[in-house]
Each structure stands twice: as C-alpha cells, then as structure tokens.
$ cat start35.txt   # compact mmCIF, C-alpha atoms
# COMPACT_ATOMS: atom_id res chain seq x y z
CA MET A 488 61.44 -20.48 5.65
CA ALA A 489 58.90 -18.35 7.47
CA GLU A 490 55.17 -18.95 7.32
CA ILE A 491 53.03 -16.01 6.28
CA GLN A 492 49.41 -15.95 7.38
CA ILE A 493 47.31 -13.69 5.19
CA GLN A 494 43.81 -12.68 6.24
CA THR A 495 41.62 -12.15 3.21
CA THR A 496 38.82 -9.61 2.96
CA GLN A 497 36.43 -12.44 3.90
CA ASN A 498 38.29 -12.95 7.21
CA VAL A 499 39.76 -16.22 5.97
CA ASN A 500 43.28 -16.99 7.14
CA ILE A 501 45.42 -18.59 4.44
CA ASN A 502 48.93 -19.83 5.12
CA PHE A 503 51.72 -19.33 2.61
CA LYS A 504 55.42 -20.09 2.79
CA SER A 505 57.69 -17.12 2.30
CA ALA A 506 60.12 -17.48 -0.58
CA GLU A 507 63.51 -18.82 0.43
CA ILE A 508 66.30 -16.23 0.55
CA GLU A 509 68.28 -18.32 -1.94
CA LYS A 510 65.45 -18.16 -4.49
CA ARG A 511 65.07 -14.42 -4.06
CA VAL A 512 68.80 -13.84 -4.52
CA LEU A 513 68.91 -16.02 -7.64
CA ALA A 514 65.84 -14.25 -9.06
CA PHE A 515 67.54 -10.92 -8.35
CA LEU A 516 70.70 -12.08 -10.14
CA ILE A 517 68.67 -13.19 -13.17
CA ASP A 518 67.06 -9.73 -13.32
CA ILE A 519 70.50 -8.09 -13.00
CA LEU A 520 71.77 -10.28 -15.85
CA ILE A 521 68.84 -9.18 -18.02
CA LYS A 522 69.59 -5.51 -17.29
CA TYR A 523 73.29 -5.92 -18.12
CA SER A 524 72.39 -7.80 -21.29
CA TYR A 525 70.15 -4.93 -22.37
CA ALA A 526 72.87 -2.37 -21.63
CA GLY A 527 75.40 -4.44 -23.56
CA LEU A 528 73.02 -4.80 -26.50
CA VAL A 529 72.38 -1.06 -26.68
CA GLY A 530 76.11 -0.35 -26.50
CA TYR A 531 76.82 -2.92 -29.23
CA ILE A 532 74.15 -1.46 -31.55
CA ILE A 533 75.51 2.07 -31.12
CA TYR A 534 79.04 0.85 -31.74
CA SER A 535 78.01 -1.14 -34.85
CA LEU A 536 76.11 1.81 -36.32
CA SER A 537 78.97 4.19 -35.67
CA LYS A 538 81.36 1.85 -37.50
CA GLY A 539 79.00 1.34 -40.42
CA ASN A 540 77.99 4.94 -41.16
CA LYS A 541 80.20 7.52 -42.79
CA THR A 542 79.25 10.18 -40.37
CA GLY A 543 78.67 7.71 -37.57
CA VAL A 544 76.18 7.73 -34.73
CA LEU A 545 78.84 8.94 -32.32
CA ASP A 546 79.61 11.87 -34.59
CA THR A 547 75.90 12.65 -34.71
CA LEU A 548 75.75 12.59 -30.93
CA ASP A 549 78.75 14.90 -30.76
CA SER A 550 76.87 17.40 -32.94
CA LEU A 551 73.93 17.53 -30.53
CA ASP A 552 73.67 19.93 -27.63
CA GLN A 553 74.15 18.75 -24.06
CA TRP A 554 70.41 18.58 -23.26
CA SER A 555 69.64 16.47 -26.33
CA ILE A 556 72.38 14.00 -25.47
CA MET A 557 71.13 13.81 -21.89
CA ALA A 558 67.58 13.13 -23.10
CA ILE A 559 68.77 10.24 -25.31
CA VAL A 560 70.81 8.74 -22.48
CA ILE A 561 67.83 8.96 -20.09
CA ILE A 562 65.54 7.25 -22.62
CA LEU A 563 68.04 4.41 -23.08
CA VAL A 564 68.52 4.01 -19.33
CA LEU A 565 64.79 4.06 -18.43
CA PRO A 566 64.20 0.30 -19.08
CA ILE A 567 66.98 -0.53 -16.61
CA VAL A 568 65.85 1.91 -13.93
CA PHE A 569 62.16 1.00 -14.05
CA TYR A 570 62.60 -2.70 -14.83
CA SER A 571 61.29 -4.14 -11.55
CA LEU A 572 58.52 -1.53 -11.15
CA VAL A 573 57.12 -2.13 -14.65
CA PHE A 574 57.32 -5.92 -14.51
CA GLU A 575 55.85 -6.27 -11.00
CA THR A 576 53.02 -3.87 -11.90
CA PHE A 577 52.00 -5.51 -15.17
CA PHE A 578 52.81 -9.11 -14.23
CA LEU A 579 51.12 -9.04 -10.80
CA GLY A 580 54.15 -9.10 -8.54
CA GLN A 581 56.63 -10.96 -10.72
CA THR A 582 59.73 -9.98 -12.66
CA ILE A 583 61.30 -12.41 -15.13
CA GLY A 584 63.59 -13.67 -12.37
CA LYS A 585 60.71 -14.17 -9.93
CA LYS A 586 58.69 -15.91 -12.65
CA LEU A 587 61.50 -18.38 -13.33
CA PHE A 588 61.76 -19.28 -9.64
CA ASN A 589 57.99 -19.30 -9.10
CA ILE A 590 57.91 -16.60 -6.43
CA LYS A 591 55.67 -13.55 -6.22
CA VAL A 592 55.05 -10.30 -4.33
CA VAL A 593 51.72 -10.23 -2.44
CA LYS A 594 49.98 -7.99 0.09
CA ILE A 595 49.89 -9.49 3.56
CA ASP A 596 46.49 -7.94 4.35
CA GLY A 597 44.67 -10.00 1.71
CA PHE A 598 44.13 -7.21 -0.81
CA ARG A 599 45.73 -7.30 -4.26
CA ALA A 600 48.97 -5.37 -4.46
CA ASN A 601 48.67 -2.24 -6.59
CA PHE A 602 50.98 0.24 -8.30
CA ILE A 603 51.57 2.23 -5.08
CA ASP A 604 52.75 -0.92 -3.29
CA TYR A 605 55.15 -1.82 -6.10
CA PHE A 606 56.30 1.81 -6.28
CA ILE A 607 57.16 1.86 -2.56
CA ARG A 608 59.12 -1.40 -2.97
CA TRP A 609 60.92 0.10 -5.97
CA VAL A 610 61.84 3.34 -4.17
CA MET A 611 63.06 1.45 -1.11
CA ARG A 612 65.51 -0.47 -3.31
CA ILE A 613 67.72 2.60 -2.96
CA ILE A 614 68.26 1.67 0.69
CA ASP A 615 67.74 -2.09 0.47
CA ILE A 616 70.03 -2.76 -2.47
CA SER A 617 71.95 0.33 -3.62
CA PHE A 618 72.80 2.07 -0.33
CA LEU A 619 76.09 0.15 0.08
CA PRO A 620 77.66 -0.21 -3.40
CA ILE A 621 80.45 -2.40 -2.02
CA LEU A 622 77.92 -4.96 -0.76
CA PRO A 623 74.78 -4.47 -2.89
CA GLY A 624 71.68 -5.98 -1.35
CA ILE A 625 73.24 -6.64 2.07
CA ILE A 626 70.65 -4.47 3.87
CA ALA A 627 67.80 -6.31 2.11
CA PHE A 628 69.37 -9.66 2.98
CA LEU A 629 69.86 -8.85 6.67
CA THR A 630 66.40 -7.31 7.03
CA ALA A 631 64.66 -10.24 5.34
CA PHE A 632 66.70 -12.75 7.33
CA ASN A 633 65.69 -11.17 10.65
CA SER A 634 62.06 -10.39 9.71
CA LYS A 635 59.29 -12.74 10.85
CA LYS A 636 57.76 -12.63 7.37
CA ALA A 637 61.07 -12.46 5.51
CA GLN A 638 60.43 -8.87 4.42
CA ARG A 639 63.06 -6.40 3.30
CA LEU A 640 62.53 -2.73 4.17
CA GLY A 641 60.54 -2.20 0.97
CA GLY A 642 58.23 -5.05 1.91
CA ILE A 643 57.70 -3.73 5.43
CA ALA A 644 56.98 -0.21 4.16
CA SER A 645 54.50 -1.42 1.51
CA GLY A 646 52.89 -4.20 3.55
CA THR A 647 54.02 -6.84 1.05
CA ALA A 648 55.99 -10.06 1.17
CA VAL A 649 57.44 -12.51 -1.34
CA ILE A 650 55.82 -15.95 -1.27
CA ASP A 651 56.70 -19.28 -2.83
CA LEU A 652 53.97 -20.30 -5.28
CA GLN A 653 55.14 -23.92 -5.23
CA LYS A 654 53.90 -24.26 -1.65
CA LYS A 655 50.27 -25.05 -2.34
CA VAL A 656 47.58 -23.97 0.09
CA LEU A 657 45.31 -26.85 1.01
CA ILE A 658 41.56 -26.35 1.06
CA SER A 659 41.65 -27.54 4.69
CA ASN A 660 43.48 -24.31 5.60
CA THR A 661 40.41 -22.22 4.74
CA ILE A 662 36.68 -22.21 5.42
CA LEU A 663 36.17 -23.91 2.07
CA LYS A 664 34.76 -27.40 1.82
CA GLU A 665 34.53 -29.24 -1.47
CA LEU A 666 30.98 -29.94 -2.58
CA GLU A 667 29.54 -32.26 -5.17
CA ILE A 668 27.77 -30.61 -8.09
CA SER A 669 24.52 -32.33 -7.09
CA TYR A 670 24.76 -31.23 -3.44
CA ILE A 671 21.42 -30.13 -1.91
CA PRO A 672 21.62 -27.86 1.18
CA LYS A 673 19.56 -28.59 4.27
CA TYR A 674 19.81 -25.59 6.61
CA PRO A 675 19.25 -22.13 5.02
CA ASN A 676 19.74 -20.47 8.42
CA VAL A 677 23.49 -20.99 8.16
CA ILE A 678 23.66 -17.60 6.41
CA LYS A 679 23.33 -16.07 9.89
CA LEU A 680 26.93 -17.14 10.47
CA THR A 681 29.84 -14.93 9.46
CA ASP A 682 33.01 -16.01 7.67
CA ASN A 683 34.90 -15.74 10.93
CA ASP A 684 32.26 -17.86 12.72
CA MET A 685 32.65 -20.54 10.08
CA ARG A 686 36.43 -20.47 10.26
CA ILE A 687 36.26 -21.10 14.02
CA ILE A 688 33.59 -23.79 13.59
CA LYS A 689 35.61 -25.62 10.94
CA GLU A 690 38.86 -25.50 12.93
CA THR A 691 37.14 -26.64 16.14
CA PHE A 692 35.25 -29.38 14.29
CA GLU A 693 38.35 -30.80 12.62
CA ASN A 694 40.36 -30.77 15.87
CA ALA A 695 37.51 -32.44 17.79
CA VAL A 696 37.11 -35.16 15.15
CA LYS A 697 40.85 -35.79 15.08
CA LYS A 698 40.98 -36.15 18.88
CA GLN A 699 37.57 -37.91 19.06
CA ASN A 700 36.41 -35.25 21.49
CA TYR A 701 32.65 -35.83 21.41
CA LYS A 702 31.90 -33.37 24.22
CA THR A 703 33.38 -30.55 22.16
CA LEU A 704 31.29 -31.63 19.16
CA GLN A 705 28.15 -31.51 21.29
CA LYS A 706 28.98 -28.06 22.67
CA LEU A 707 29.78 -26.80 19.17
CA LYS A 708 26.49 -28.13 17.86
CA ASN A 709 24.53 -26.46 20.65
CA LYS A 710 26.30 -23.14 20.00
CA ILE A 711 25.48 -23.32 16.28
CA ILE A 712 21.84 -24.04 17.07
CA GLU A 713 21.76 -21.13 19.51
CA VAL A 714 23.09 -18.67 16.93
CA THR A 715 21.28 -19.91 13.82
CA LYS A 716 18.03 -21.21 15.40
CA ILE A 717 18.37 -24.34 13.27
CA GLU A 718 16.18 -27.27 14.35
CA PRO A 719 18.12 -30.43 13.48
CA SER A 720 16.63 -33.89 13.32
CA ASN A 721 16.86 -35.90 16.53
CA LYS A 722 18.38 -38.77 14.56
CA GLU A 723 21.21 -36.66 13.19
CA SER A 724 24.50 -37.07 15.02
CA ASP A 725 26.54 -34.10 16.22
CA LEU A 726 29.26 -34.89 13.70
CA ASN A 727 26.90 -35.13 10.71
CA PHE A 728 25.05 -31.98 11.76
CA ILE A 729 28.18 -29.82 11.97
CA ASP A 730 29.54 -31.26 8.73
CA THR A 731 26.25 -30.40 7.00
CA VAL A 732 26.32 -26.87 8.42
CA ILE A 733 29.81 -26.30 7.00
CA LYS A 734 28.78 -27.63 3.59
CA ASP A 735 25.59 -25.57 3.56
CA PHE A 736 27.49 -22.42 4.45
CA ASN A 737 29.83 -22.95 1.53
CA PHE A 738 26.86 -23.63 -0.73
CA TYR A 739 24.87 -20.53 0.18
CA THR A 740 27.82 -18.15 0.27
CA GLY A 741 29.26 -19.45 -2.97
CA LYS A 742 32.68 -20.18 -1.45
CA ALA A 743 33.00 -23.64 -2.96
$ encode --input "start35.txt" --output "structure tokens"
Amino acid sequence: MAEIQIQTTQNVNINFKSAEIEKRVLAFLIDILIKYSYAGLVGYIIYSLSKGNKTGVLDTLDSLDQWSIMAIVIILVLPIVFYSLVFETFFLGQTIGKKLFNIKVVKIDGFRANFIDYFIRWVMRIIDISFLPILPGIIAFLTAFNSKKAQRLGGIASGTAVIDLQKKVLISNTILKELEISYIPKYPNVIKLTDNDMRIIKETFENAVKKQNYKTLQKLKNKIIEVTKIEPSNKESDLNFIDTVIKDFNFYTGKA
C-alpha cells in the first residue's frame, strides 16, 4: 500500500495511505452489480408491462420510428453510462462501492477535486477498463500496481488518487498543535513565520526532542529569534520557547 503525500494550499504536507487494490476492485464489482441490477430491473418492468397490456409496451415500441426508439434506449442507458461520473461528482469522490469500502478520490495537489477531474477519470475508463473486453480493468490494475501513488491512467491524467479513509492522519503529521480553549499566546511576532517555516520548525523540534539533541534545539531557537525578532525570557528553556512558538503560531493563524 503506497503512501501519498499531499501538499495542501497552506504548504502543509499530509500523509495518506492509498486504497488497497483489493478494496478498489471490490468497490468496482459492487458498482458493476448495481448497474446490472438496474438493467435487469428495467428489462423486467418492460417485460411485465408488455405481458399485462393488451397492446403491450413492446408493440408500442414497434409502432415508433427508429429515432424515437433510439432516444428511449439512450435515456434508459444513461444511468449506467454516467453512474461513476454522477456519483463521484455529487458525493465528493465516492460511488456506492467506494462508500461501502471507505475509499475516496482526492486531488494530490491539495485542492478539492472538481467536475473536470471526475470527468477526466470517467473518460479514461474507456482505456483503463473497457479497452480490453476480454480482461476488463486489466490496464487499470497494471497501471495502479506499478504507479508510486497507485494511480490508474485516469488518476494520472486528472492528478487524482484513491485513498483509504480508514487510515487516519495524525495531528503530528501537520503543523497543527492542539491547544486548550483557555490558551493565552505569548509571542505575537510568530505571524512573521510562514506555514512552510512552521512545518520545518515542528519537524526539526520533534526530531531533536526525540533524540535529545539540545544543540539543534538551541540553533533552532536562535534561528526563530533571528527571523521573528522575538525577545524570549532568559529563564525560558530552548524547549519551552520553541513549543510556545508553535502553539502561538497555531493560535494566531487559526490552524488549531
């Protein structure tokens, strides 16, 4: 299962797990079953009506011209053809199958996927899934299996990927830091830092604390002071200072 790193518009890198191939195949089969069920239901209704009426629906269809019959057939087939496009557009990247297996289509650049993205995925199904009728979906399977982000051709073309929503993203993977409701900030100058600055600070801080690397903490503190012009208290340790800076940044930027 590949790991997908998505950079949000705030330059925050968030790690997701790509959906397992097995889940995607099962979700696809569920969607196929729904389509066949719909087709069977429509066929059954037409058959039942034709048996129950004197003239019969089939006789009525026979009396229509070729263009009228074609129009009716197209209308009945539309839900099957546009199934994935409609569901992914209105249910934010999920069909019924994807919903059941808790997977979803997302943009890998951090923006929300839109109709154009879903449309590109839908069009590319012609190659990914329908190009080889004998082995439907084999191209999508091979492409996703060999892709770093488990993308089929439609995903690569649209800049999207399918992620597993059960793999929760921890707050430690972002620049976020949980704050108490009563938290009072100390250093307003932290707003001079960018999101990317804070991401680097937080990652460096956590690694230094884990390895008890006090020299790195001191260097990091000095760099923060140099950029922000903050004047910390002499009694405040490097660790407490950096921790406060991270909390204050989240407070002032509203990211908590």
$ atom_distance --input "start35.txt" --atom1 "CA of Phe577 in chain A" --atom2 "CA of Arg599 in chain A"
12.7 Å
$ residues_around --input "start35.txt" --residues "range 718-722 of chain A" --least-positions-apart "4" --cutoff "10 Å" --atoms "only C-alpha atoms" --output "number ranges by chain"
A: 673-674, 676, 708, 712-713, 728
$ atom_distance --input "start35.txt" --atom1 "CA of Asp684 in chain A" --atom2 "CA of Lys504 in chain A"
25.3 Å
$ residues_near_point --input "start35.txt" --point "(54.1, -9.4, -4.0)" --cutoff "8 Å" --atoms "all atoms listed in the file" --output "compact mmCIF listing (two decimals) with C-alpha atoms, keeping the file's coordinate frame"
# COMPACT_ATOMS: atom_id res chain seq x y z
CA GLU A 575 55.85 -6.27 -11.00
CA LEU A 579 51.12 -9.04 -10.80
CA GLY A 580 54.15 -9.10 -8.54
CA GLN A 581 56.63 -10.96 -10.72
CA LYS A 591 55.67 -13.55 -6.22
CA VAL A 592 55.05 -10.30 -4.33
CA VAL A 593 51.72 -10.23 -2.44
CA LYS A 594 49.98 -7.99 0.09
CA ALA A 600 48.97 -5.37 -4.46
CA TYR A 605 55.15 -1.82 -6.10
CA THR A 647 54.02 -6.84 1.05
CA ALA A 648 55.99 -10.06 1.17
CA VAL A 649 57.44 -12.51 -1.34
CA ILE A 650 55.82 -15.95 -1.27
$ closest_residue --input "start35.txt" --among "A:Ile583, A:Ile711, A:Val529, A:Ala506" --to "Ile559 in chain A" --atoms "only C-alpha atoms"
A:Val529
$ closest_residue --input "start35.txt" --among "A:Ile607, A:Leu622, A:Ile567, A:Ile668" --to "Ile643 in chain A" --atoms "all atoms listed in the file"
A:Ile607
$ residues_around --input "start35.txt" --residues "Phe515 in chain A" --least-positions-apart "5" --cutoff "9 Å" --atoms "only C-alpha atoms" --output "JSON, numbers by chain"
{"A": [510, 520, 582, 584, 585]}
